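Q: Below is the file start_2.cif, which contains mmCIF, C-alpha atoms and all ligand atoms.
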data_entry
#
loop_
_atom_site.label_atom_id
_atom_site.label_comp_id
_atom_site.auth_asym_id
_atom_site.auth_seq_id
_atom_site.Cartn_x
_atom_site.Cartn_y
_atom_site.Cartn_z
CA ASN C 1 42.61 191.93 35.92
CA ALA C 2 45.18 189.83 37.73
CA GLY C 3 45.03 190.03 41.49
CA ALA C 4 41.43 191.23 41.66
CA PRO C 5 39.39 189.47 44.31
CA ASP C 6 37.32 186.63 42.89
CA SER C 7 36.64 183.04 43.85
CA LYS C 8 40.30 182.16 43.34
CA ASN C 9 41.80 185.31 44.79
CA LEU C 10 40.34 186.14 48.15
CA ARG C 11 41.04 189.32 50.05
CA VAL C 12 40.19 189.33 53.73
CA LYS C 13 40.41 191.70 56.63
CA LEU C 14 42.12 190.11 59.64
CA VAL C 15 42.27 191.70 63.08
CA LEU C 16 44.39 190.73 66.06
CA LEU C 17 42.96 191.00 69.55
CA GLY C 18 44.45 190.27 72.94
CA ASP C 19 46.29 191.76 75.87
CA SER C 20 49.18 194.10 75.37
CA GLY C 21 52.45 192.17 75.38
CA VAL C 22 51.17 188.76 74.24
CA GLY C 23 53.06 189.08 70.95
CA LYS C 24 50.47 190.21 68.39
CA SER C 25 52.82 192.57 66.57
CA CYS C 26 55.63 190.01 66.64
CA ILE C 27 53.35 187.37 65.09
CA VAL C 28 52.48 189.78 62.28
CA LEU C 29 56.10 190.74 61.68
CA ARG C 30 57.18 187.12 61.66
CA PHE C 31 54.46 186.22 59.15
CA VAL C 32 54.89 189.21 56.85
CA ARG C 33 58.63 189.87 57.03
CA GLY C 34 60.05 186.66 58.47
CA GLN C 35 61.66 188.63 61.27
CA PHE C 36 61.64 188.72 65.06
CA ASP C 37 62.88 191.82 66.80
CA PRO C 38 63.04 191.30 70.57
CA THR C 39 63.61 195.02 71.12
CA SER C 40 60.57 196.14 69.16
CA LYS C 41 58.51 198.58 71.16
CA VAL C 42 54.77 198.93 71.38
CA THR C 43 52.76 199.22 68.21
CA VAL C 44 52.62 202.85 67.21
CA GLY C 45 49.04 203.76 66.41
CA ALA C 46 47.50 201.49 63.84
CA SER C 47 49.76 199.45 61.69
CA PHE C 48 48.51 197.86 58.54
CA LEU C 49 50.34 195.13 56.68
CA SER C 50 49.32 192.66 54.05
CA GLN C 51 50.55 189.27 53.02
CA THR C 52 49.33 186.87 50.36
CA ILE C 53 49.53 183.11 50.59
CA ALA C 54 48.75 180.45 48.02
CA LEU C 55 46.80 177.34 48.92
CA GLN C 56 47.19 173.94 47.29
CA ASP C 57 44.08 174.38 45.18
CA SER C 58 45.74 177.49 43.65
CA THR C 59 43.48 179.85 45.58
CA THR C 60 45.36 182.89 46.85
CA VAL C 61 44.40 184.66 50.04
CA LYS C 62 45.51 188.21 50.65
CA PHE C 63 45.36 189.01 54.35
CA GLU C 64 44.90 192.68 55.16
CA ILE C 65 46.14 192.69 58.72
CA TRP C 66 45.03 195.24 61.28
CA ASP C 67 47.28 195.39 64.30
CA THR C 68 46.45 198.29 66.57
CA ALA C 69 47.36 199.00 70.15
CA GLY C 70 44.25 201.11 70.78
CA GLN C 71 41.90 198.20 71.46
CA GLU C 72 44.09 197.09 74.34
CA ARG C 73 43.43 200.28 76.26
CA TYR C 74 40.11 201.51 74.90
CA ALA C 75 37.72 198.59 74.68
CA ALA C 76 35.02 200.97 73.47
CA LEU C 77 36.96 201.49 70.25
CA ALA C 78 37.27 197.80 69.52
CA PRO C 79 34.03 197.44 67.51
CA LEU C 80 35.34 200.03 65.04
CA TYR C 81 38.42 197.94 64.68
CA TYR C 82 36.87 194.53 64.10
CA ARG C 83 33.87 195.73 62.09
CA GLY C 84 33.80 193.93 58.74
CA ALA C 85 36.64 191.61 59.72
CA ALA C 86 36.44 188.17 58.12
CA VAL C 87 39.03 186.82 60.55
CA ALA C 88 39.80 187.51 64.19
CA VAL C 89 42.98 186.14 65.70
CA VAL C 90 42.67 186.18 69.49
CA VAL C 91 46.07 185.89 71.11
CA TYR C 92 47.18 185.05 74.64
CA ASP C 93 50.57 184.25 76.17
CA ILE C 94 50.92 180.65 77.42
CA THR C 95 52.79 181.93 80.49
CA SER C 96 49.95 184.29 81.48
CA PRO C 97 46.57 183.05 82.76
CA GLU C 98 45.41 186.70 82.85
CA SER C 99 45.99 186.97 79.13
CA PHE C 100 43.99 183.74 78.61
CA SER C 101 41.06 185.27 80.54
CA LYS C 102 41.33 188.38 78.43
CA ALA C 103 41.28 186.26 75.28
CA GLN C 104 37.98 184.76 76.47
CA TYR C 105 36.61 188.24 76.96
CA TRP C 106 37.47 189.07 73.34
CA VAL C 107 35.85 185.90 72.07
CA LYS C 108 32.59 186.81 73.84
CA GLU C 109 32.81 190.33 72.47
CA LEU C 110 33.24 188.99 68.92
CA GLN C 111 30.37 186.53 69.36
CA LYS C 112 28.13 189.43 70.38
CA HIS C 113 29.27 192.10 67.94
CA GLY C 114 31.41 190.56 65.19
CA SER C 115 30.26 189.37 61.76
CA SER C 116 28.17 186.22 62.07
CA ASP C 117 30.43 184.25 59.73
CA ILE C 118 33.71 185.49 61.22
CA VAL C 119 36.50 182.91 61.38
CA MET C 120 38.08 182.97 64.83
CA ALA C 121 41.43 181.55 65.80
CA LEU C 122 42.66 181.15 69.37
CA VAL C 123 46.44 181.49 69.53
CA GLY C 124 48.64 180.61 72.50
CA ASN C 125 51.83 182.49 71.71
CA LYS C 126 55.32 182.30 73.30
CA ALA C 127 55.25 178.50 73.07
CA ASP C 128 59.07 178.62 73.29
CA LEU C 129 58.62 179.58 76.97
CA HIS C 130 57.10 176.16 77.77
CA GLU C 131 59.09 175.93 81.01
CA LYS C 132 57.04 178.85 82.30
CA ARG C 133 53.76 177.56 80.91
CA GLU C 134 50.69 178.43 83.00
CA VAL C 135 47.91 177.78 80.49
CA SER C 136 47.51 174.11 79.56
CA ILE C 137 46.93 172.91 76.02
CA GLU C 138 43.92 170.96 77.35
CA ASP C 139 42.19 174.06 78.75
CA ALA C 140 42.78 176.02 75.58
CA THR C 141 41.67 173.14 73.32
CA ASP C 142 38.48 172.67 75.37
CA TYR C 143 37.67 176.34 75.25
CA ALA C 144 38.31 176.58 71.51
CA GLU C 145 36.17 173.51 70.75
CA LYS C 146 33.25 174.83 72.79
CA ASN C 147 33.41 178.09 70.92
CA GLY C 148 33.87 176.75 67.42
CA MET C 149 37.35 178.15 67.07
CA PHE C 150 40.54 176.87 65.62
CA PHE C 151 43.35 176.62 68.24
CA ILE C 152 47.10 176.62 67.77
CA GLU C 153 50.19 177.41 69.84
CA THR C 154 52.83 179.56 68.16
CA SER C 155 56.17 181.18 68.78
CA ALA C 156 56.90 184.40 66.97
CA LYS C 157 60.42 184.06 68.37
CA THR C 158 61.25 180.68 66.82
CA ALA C 159 58.67 180.96 63.98
CA ASP C 160 57.02 177.77 65.19
CA ASN C 161 53.51 177.35 63.69
CA ILE C 162 53.31 180.93 62.41
CA ASN C 163 52.77 180.02 58.75
CA GLN C 164 50.54 177.11 59.81
CA LEU C 165 48.32 179.54 61.70
CA PHE C 166 47.60 181.58 58.58
CA GLU C 167 47.29 178.53 56.34
CA GLU C 168 44.71 176.97 58.65
CA ILE C 169 42.77 180.23 58.73
CA ALA C 170 42.84 180.43 54.93
CA LYS C 171 41.43 176.90 54.65
CA ARG C 172 38.53 177.81 56.93
CA LEU C 173 37.40 180.90 55.05
CA PRO C 174 33.97 180.77 53.51
CA ARG C 175 34.40 180.62 49.71
CA PRO C 176 32.32 182.84 47.49
CA THR C 177 30.02 180.70 45.37
CA ALA C 178 30.42 181.20 41.65
P1 LIG C 201 51.74 192.99 71.50
O1 LIG C 201 51.60 194.07 72.52
O2 LIG C 201 50.69 191.93 71.69
O3 LIG C 201 51.77 193.49 70.09
O4 LIG C 201 53.12 192.25 71.81
P2 LIG C 201 54.52 192.43 71.05
O5 LIG C 201 54.48 191.78 69.72
O6 LIG C 201 54.92 193.86 71.09
O7 LIG C 201 55.48 191.55 71.99
C1 LIG C 201 55.59 191.84 73.37
C2 LIG C 201 56.87 191.24 73.92
O8 LIG C 201 56.83 189.83 73.86
C3 LIG C 201 58.14 191.67 73.16
O9 LIG C 201 59.15 191.90 74.11
C4 LIG C 201 58.48 190.47 72.31
O10 LIG C 201 59.86 190.37 72.08
C5 LIG C 201 57.96 189.31 73.16
N1 LIG C 201 57.50 188.18 72.35
C6 LIG C 201 56.61 188.21 71.33
N2 LIG C 201 56.40 186.99 70.82
C7 LIG C 201 57.20 186.15 71.54
C8 LIG C 201 57.44 184.73 71.48
O11 LIG C 201 56.87 183.97 70.68
N3 LIG C 201 58.31 184.23 72.40
C9 LIG C 201 58.95 185.01 73.31
N4 LIG C 201 59.80 184.41 74.15
N5 LIG C 201 58.75 186.34 73.39
C10 LIG C 201 57.89 186.90 72.50
MG MG C 202 51.49 195.36 69.35
#
What would you get if you wrote out this structure as structure tokens?

A:
Amino acid sequence: NAGAPDSKNLRVKLVLLGDSGVGKSCIVLRFVRGQFDPTSKVTVGASFLSQTIALQDSTTVKFEIWDTAGQERYAALAPLYYRGAAVAVVVYDITSPESFSKAQYWVKELQKHGSSDIVMALVGNKADLHEKREVSIEDATDYAEKNGMFFIETSAKTADNINQLFEEIAKRLPRPTA
């Protein structure tokens, strides 16, 4: 039964959270299709994509990625969205302190209502816009450390650190015990 989830073939639900416009959909499209479309408009409804990666120990991880726009506008719907998620990727834009505050809101929300063993990543996207940076790496690193999260800066535009983001998440997943 090749491809069935077992200890070597993990299948995980991953949700993206964060302000509208921080680049969540672009991160997903870069990871899954290797593309960046600067003209892409807002996410239409819920989009669902999957991508499988192989780790060095020959484990494969299939990410089932939930990227919806609804949570940005209707916070009350968010719990439906992240329920059962093994991974939450909380994204902000390094040029927007407001989006960093919003990311912190989502982290608190996940700590209160998410799965207890959820793997959380804090992602500072648009790292290519470093000349307009308004959120320091130090502040983000501090915050991530205090909250037991993995932190990385990415650029969906240049592809910088996009694959690394998902590889690091995969390494941090709890493994089923045989
Ligand atoms: P979402 O609302 O969080 O899903 O954000 P989108 O993925 O729709 O991106 C919002 C806008 O930011 C779009 O105009 C993208 O072209 C732009 N964008 C996304 N990622 C990057 C990035 O890494 N660098 C730059 N410069 N722009 C980006
Ligand atoms: Mg989107």

Q: Would you write out, as CSV, a table of all residues in chain C that have an atom no more than 7 Å from an atom of ligand MG 202 (chain C), listing for each the closest atom pair and the distance in Å to one decimal, considering all atoms listed in the file and ordering rows by chain and rising residue number?

A:
residue,atom,partner,partner_atom,distance
C:Ser20,CA,C:MG202,MG,6.6
C:Gly21,CA,C:MG202,MG,6.9
C:Gly23,CA,C:MG202,MG,6.7
C:Lys24,CA,C:MG202,MG,5.3
C:Ser25,CA,C:MG202,MG,4.2
C:Val42,CA,C:MG202,MG,5.3
C:Thr43,CA,C:MG202,MG,4.2
C:Asp67,CA,C:MG202,MG,6.6
C:Thr68,CA,C:MG202,MG,6.5
C:Ala69,CA,C:MG202,MG,5.6

Q: Can you work out which residues are within 10 Å of ligand LIG 201 (chain C), considering all atoms listed in the file, and then hand them over as a PyMOL selection string?

A: chain C and resi 16-30+36-44+67-69+72+91-95+124-130+153-160+162

Q: I need the residue nearest Lys132 of chain C from this list: C:Gln111, C:Ser96, C:Ser116, C:Asn147. Use all atoms listed in the file for the distance.

A: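 Counting all atoms listed in the file, the residue closest to Lys132 of chain C is C:Ser96.
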
Q: Give me the residues within 12 Å of segment 79-88 of chain C as a PyMOL selection string, counting all atoms listed in the file and dropping any in the same chain fewer than 3 places off.

A: chain C and resi 10-18+24+46-48+61-72+74-76+91+103+106-107+109-123+149-150+165-166+168-175

Q: Atom CA of Tyr143 of chain C to atom CA of Ala78 of chain C: how many Å, to one decimal?

A: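 Value for the atom CA of Tyr143 of chain C-atom CA of Ala78 of chain C distance: 22.2 Å.
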
Q: Need to verify the contact set: Lys146 of chain C, 12 Å, all atoms listed in the file, exclusion of same-chain residues closer than 5 positions in sequence. Can you return it as a list of chain:residue names?

A: C:Gln104, C:Val107, C:Leu122, C:Asp139, C:Ala140, C:Thr141, C:Phe151

Q: What separation in Å, quoted to one decimal, exists between atom CA of Phe100 of chain C and atom CA of Glu167 of chain C?

A: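 Distance reported for this atom pair: 23.1 Å.
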
Q: What gap, in Å, lies between atom CA of Ser136 of chain C and atom CA of Asn163 of chain C?

A: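 Between atom CA of Ser136 of chain C and atom CA of Asn163 of chain C the gap works out to 22.3 Å.
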
Q: Pick out the closest residue to Leu55 of chain C from this set: C:Ile137, C:Asn9, C:Leu77, C:Gly34. Count all atoms listed in the file.

A: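 The shortest atom-to-atom distance to Leu55 of chain C comes from C:Asn9.
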
Q: Counting all atoms listed in the file, which residue out of C:Lys102, C:Phe31, C:Val90, C:Lys8 sits closest to Ser58 of chain C?

A: C:Lys8
